[in-house]
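Report on one structure; see the data block that follows.
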2 protein chains.
Amino acid sequence: MSGAGFGFTLIKEDSRTGARAGVIHTPHGDIPTPMFAPVGTQATVKTMTPHELKELGAKIILANTYHLYLRPGADIIEKLGGLHHFMCWDGPILTDSGGFQIFSLQDLRTFREDGVVFRSHIDGSQHFFSPEKAVQIQEQLGADIIMCLDECAPPMDYEYNRQALERTHRWAVRCKEAHTRSDQALFGIVQGGVFPDLRVHSAEFMVSLDFPGYAIGGLSVGEPKEDMHAILELLNGLLPKHKPRYLMGVGSPEDFFECAARGVDLFDCVLPTRLARNAALLTHEGRLNIRNAPYADDPRPIEEGCECYTCRHFSRAYLRHLFKAGEILGLRLATIHNLHFALNLMGRIRQSILDGTFADFKAQFLRQYKTTDYAVREANRLRRLESLRARSTRGG
Amino acid sequence: MSGAGFGFTLIKEDSRTGARAGVIHTPHGDIPTPMFAPVGTQATVKTMTPHELKELGAKIILANTYHLYLRPGADIIEKLGGLHHFMCWDGPILTDSGGFQIFSLQDLRTFREDGVVFRSHIDGSQHFFSPEKAVQIQEQLGADIIMCLDECAPPMDYEYNRQALERTHRWAVRCKEAHTRSDQALFGIVQGGVFPDLRVHSAEFMVSLDFPGYAIGGLSVGEPKEDMHAILELLNGLLPKHKPRYLMGVGSPEDFFECAARGVDLFDCVLPTRLARNAALLTHEGRLNIRNAPYADDPRPIEEGCECYTCRHFSRAYLRHLFKAGEILGLRLATIHNLHFALNLMGRIRQSILDGTFADFKAQFLRQYKTTDYAVREANRLRRLESLRARSTRGG
């Protein structure tokens, strides 16, 4: 099924970079691109109401099939009228296939030709996802854009990637055959780690299946940023111009620029919301940790000139107090600010592409923005994986 | 100081009960009474923005002097422009004196003639509140209505109450003398446990000091409800008609009716917000625990006909999912519902007093509403005290 009511209009290609401005059409509304999708893992973008997300300018949100399948269960969401109705979000929704979360479970899962056997990180119970099952669950959830089941191999392991890729390709064929809902667009996922030959092979194979859009998986999972950029440049020349490209699990503010410059239309990432809950607030100069002592009596907003609800009403001193006191309002206000920052930045990126000033805007932003160290990022990533694994083991 | 810009207009006295409808005037706006004040212990009503509180119909909120003195500190709040500006709430605010929280610290505090020495429940550091200091801190915080420092003795211990009362009276004189801000109304607190002679003595003494309003302390702290009702009936005849009466730390929906019927104008209580965060949702039939299994696929709102944001948009099934998944949005949506329930109920109580139908409304509500068992309430109260004490001890 190719996705009735789904389409992509390419409006403008940047002359100096690979950046594109366009619109993804879905049965639940249009998504101007490039766009960032806030992540609502468990059918809620953490701390936010759907109405707040709309006010913040979110045009599409992501939900995780793995998590929703385990809790509350796809049957319940289907019975309650599907994900849109269940969580009261009437805009576009994208669900992943669950493949990435299951792969991250490490010792708790086994990938086989017919699918993947895994244990729940919640209670240790055993489950099985086949490509057909992953599609069926996503049909029950009812998102506008859904994903094929894939295996996201470690990015630097050639042999692992080569084998996983072949299986992912066979699964993509099965997912496409299993897909029955004409109001959903099923995307194929290009894998292949940091290896150009595998990425070329994967892109060509997925394009041959003629999906309505293509996801790029297996990036920003531990490889150096330069490798990610090189792969995106490669894919930019291989993926069809008139189909949307969705870069999974990316990104940071600097990623928005670097990846949009390499032809990416859609991003999703927990980063802005997760950072917010960890007191790390996004500004044009980099991250600001609101727990730090100098903010204790600082009457200024997080960032001067920011038009988000938080910055229009509250001081750094108040936010710091909320975080120090463990108050939920702190998590909310920080989330509002970071989502505003990400969505507003993406809107300005899009406008600069339309105006032909993207390259200048990119250079100017990146000059001012202090990015987080690679080593810090990688340590954080590994810590999160470890914590997920520890939870899973306890669950079992 | 008597509180410039402060006043009370008695609009209507119910002919069949002691209920009254009125308006408390403050420099930050009018408060129609009877009214319920949501509690914002740490300068935030847990999970809510000030704008949401306003939408919910909150006309006054309470903040805790003890907590704000310890964190972030009264100096910081004063420097940031006072509590209203600090937390971005431009309506009336009431602060307690800290006496009740300090009394609850039990082993960590010593009441003396000059004041009370106590240890912080956060870090075990030692502090001292005199009546003058309690007033000075509340002047720094800048609430519209502030309280004298008092000692809230165990309600059934006559000798303890007798001695604590005399000291509380001497402290009230000192608080009144220490109070300098003319834009704040300082209330005296009537104590005396469940003992009519002590309550009469305390009411007469406080009235002789001619405060702009009177708080009633030491009720709903472990004594049977009948005792609370008897004391309120007694005080209703003793406190001046044309001054507002504020019943501290009460109440439940049934308390609203029973205590308004005995002349109470203002209530505050953490109950609606705390219950919400514990998945206990208020309905006209009693509490509903949204974690319970039958709600897993229940498409209905918490309560049919409820006009709160939560009930207009979300199902019991979604709320249960949020609670089971540990999502913050669940705490928010439950808090919205419970605050709406409490504030809306109080609004209807007020209207029924104006309409002369209060007694009927009370009988009708109490017939339908299943109250929580006294033993359960008391066990919960003791568990909370125990948990506070455990935290304090760890802090030390």
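Residue numbering restarts at 1 in every chain; chains get A, B, ... in the order shown in the structure tokens, and ligands count up from 1 in that same order.
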**Request:** Extract, using only C-alpha atoms, all DNA, RNA and protein residues at most 6 Å from range 65-68 of chain A, discarding same-chain residues fewer than 5 positions from it, and format them as a ChimeraX atom specification.
**Result:** /A:42,73,96-98
The selected residues should be written to file as a compact mmCIF listing (two decimals), in the first residue's frame (atoms: N, CA, C and O atoms).
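Just written: out07.txt:
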```
# COMPACT_ATOMS: atom_id res chain seq x y z
N GLN A 42 5.83 6.72 24.91
CA GLN A 42 4.73 5.94 25.47
C GLN A 42 3.39 6.65 25.22
O GLN A 42 2.54 6.71 26.09
N GLY A 73 -0.44 -1.99 25.22
CA GLY A 73 -0.79 -3.06 24.28
C GLY A 73 -1.52 -2.50 23.08
O GLY A 73 -2.34 -1.60 23.21
N ASP A 96 7.94 3.99 14.85
CA ASP A 96 9.04 3.14 14.40
C ASP A 96 8.55 1.70 14.45
O ASP A 96 7.41 1.42 14.82
N SER A 97 9.42 0.76 14.08
CA SER A 97 8.99 -0.63 14.00
C SER A 97 9.24 -1.40 15.28
O SER A 97 8.79 -2.52 15.43
N GLY A 98 9.99 -0.79 16.19
CA GLY A 98 10.40 -1.51 17.39
C GLY A 98 11.77 -2.14 17.24
O GLY A 98 12.39 -2.56 18.22
```
Report as JSON lines the residues of chain B within 7 Å of chain A, each with its shortest atom pair and distance in Å (one decimal), using only C-alpha atoms, ordered by chain and increasing residue number.
```
{"residue": "B:Lys46", "atom": "CA", "partner": "A:Ile328", "partner_atom": "CA", "distance": 6.6}
{"residue": "B:Thr47", "atom": "CA", "partner": "A:Leu329", "partner_atom": "CA", "distance": 5.0}
{"residue": "B:Met48", "atom": "CA", "partner": "A:Leu329", "partner_atom": "CA", "distance": 6.3}
{"residue": "B:Thr49", "atom": "CA", "partner": "A:Leu329", "partner_atom": "CA", "distance": 6.9}
{"residue": "B:Pro72", "atom": "CA", "partner": "A:His321", "partner_atom": "CA", "distance": 6.0}
{"residue": "B:Ile76", "atom": "CA", "partner": "A:Asp297", "partner_atom": "CA", "distance": 5.9}
{"residue": "B:Leu80", "atom": "CA", "partner": "A:Pro299", "partner_atom": "CA", "distance": 6.3}
{"residue": "B:Phe86", "atom": "CA", "partner": "A:Tyr318", "partner_atom": "CA", "distance": 6.3}
{"residue": "B:Met87", "atom": "CA", "partner": "A:Tyr318", "partner_atom": "CA", "distance": 6.8}
{"residue": "B:Cys88", "atom": "CA", "partner": "A:His313", "partner_atom": "CA", "distance": 6.5}
{"residue": "B:Asp297", "atom": "CA", "partner": "A:Ile76", "partner_atom": "CA", "distance": 5.9}
{"residue": "B:Pro299", "atom": "CA", "partner": "A:Leu80", "partner_atom": "CA", "distance": 6.3}
{"residue": "B:His313", "atom": "CA", "partner": "A:Cys88", "partner_atom": "CA", "distance": 6.5}
{"residue": "B:Phe314", "atom": "CA", "partner": "A:Cys88", "partner_atom": "CA", "distance": 6.8}
{"residue": "B:Tyr318", "atom": "CA", "partner": "A:Phe86", "partner_atom": "CA", "distance": 6.3}
{"residue": "B:His321", "atom": "CA", "partner": "A:Pro72", "partner_atom": "CA", "distance": 6.0}
{"residue": "B:Glu327", "atom": "CA", "partner": "A:Lys46", "partner_atom": "CA", "distance": 6.7}
{"residue": "B:Ile328", "atom": "CA", "partner": "A:Thr47", "partner_atom": "CA", "distance": 5.1}
{"residue": "B:Leu329", "atom": "CA", "partner": "A:Thr47", "partner_atom": "CA", "distance": 5.0}
```
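The list of residues with at least one atom within 8 Å of Ala4 in chain B, based on only C-alpha atoms and without residues fewer than 3 positions apart in the same chain, reads Pro27, Ser182, Asp183, Gln184 and Ala185 of chain B.
What separates CA of Arg170 in chain B from CA of Cys148 in chain B is a distance of 10.5 Å.
The shortest atom-to-atom distance to Glu378 in chain A, with only C-alpha atoms taken into account, belongs to A:Val221 out of A:Cys269, A:Leu366, A:Val221, A:Val194.
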**Message:** If you run DSSP on the backbone here, which positions in range 51-287 of chain A get alpha helix (DSSP H)? Please write them as a PyMOL selection string.
**Reply:** chain A and resi 51-55+65-70+74-79+82-87+99-104+131-141+158-178+196-208+225-238+253-260+271-277
**Message:** Show me, as a list in words, the residues that have an atom within 7 Å of Gly188 in chain A when counting only C-alpha atoms, minus same-chain residues fewer than 5 positions from it.
**Reply:** Met147, Cys148, Ala172, Met206, Phe211, Gly213, Tyr214 and Ala215 of chain A
Kindly export the residues of the current selection with N, CA and C atoms, as a compact mmCIF listing (two decimals), in the first residue's frame.
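This went into again_21.txt:
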```txt
# COMPACT_ATOMS: atom_id res chain seq x y z
N MET A 147 7.06 2.13 9.89
CA MET A 147 8.38 1.67 9.47
C MET A 147 8.44 0.15 9.29
N CYS A 148 9.28 -0.27 8.36
CA CYS A 148 9.58 -1.69 8.22
C CYS A 148 10.40 -2.15 9.43
N ALA A 172 12.03 -6.19 4.61
CA ALA A 172 11.34 -5.05 3.98
C ALA A 172 10.33 -5.55 2.95
N MET A 206 16.23 -0.60 -1.43
CA MET A 206 15.00 0.00 -0.90
C MET A 206 14.28 0.82 -1.98
N PHE A 211 9.14 2.58 -2.03
CA PHE A 211 8.42 3.03 -0.84
C PHE A 211 8.01 4.50 -1.00
N GLY A 213 8.49 6.73 1.09
CA GLY A 213 9.49 7.54 1.76
C GLY A 213 10.57 6.61 2.31
N TYR A 214 11.71 7.18 2.66
CA TYR A 214 12.84 6.36 3.10
C TYR A 214 13.39 6.86 4.42
N ALA A 215 13.54 5.93 5.33
CA ALA A 215 14.20 6.25 6.59
C ALA A 215 15.66 5.87 6.49
```
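The spacing separating CA of Glu307 in chain B from CA of Phe256 in chain B amounts to 20.4 Å.
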**Message:** Which of range 68-285 of chain A end up as strand (DSSP E or B) when DSSP is run on this backbone - answer as a VMD selection string?
**Reply:** chain A and resid 93 to 95 109 to 111 116 to 119 126 to 129 145 to 147 185 to 190 214 to 216 245 to 247 250 266 to 268 280 to 283
**Message:** Nearest residue to Arg377 in chain A out of A:Phe129, A:Gly5, A:Pro224, A:Thr168, using only C-alpha atoms?
**Reply:**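 Using only C-alpha atoms, the shortest distance to Arg377 in chain A belongs to A:Pro224.
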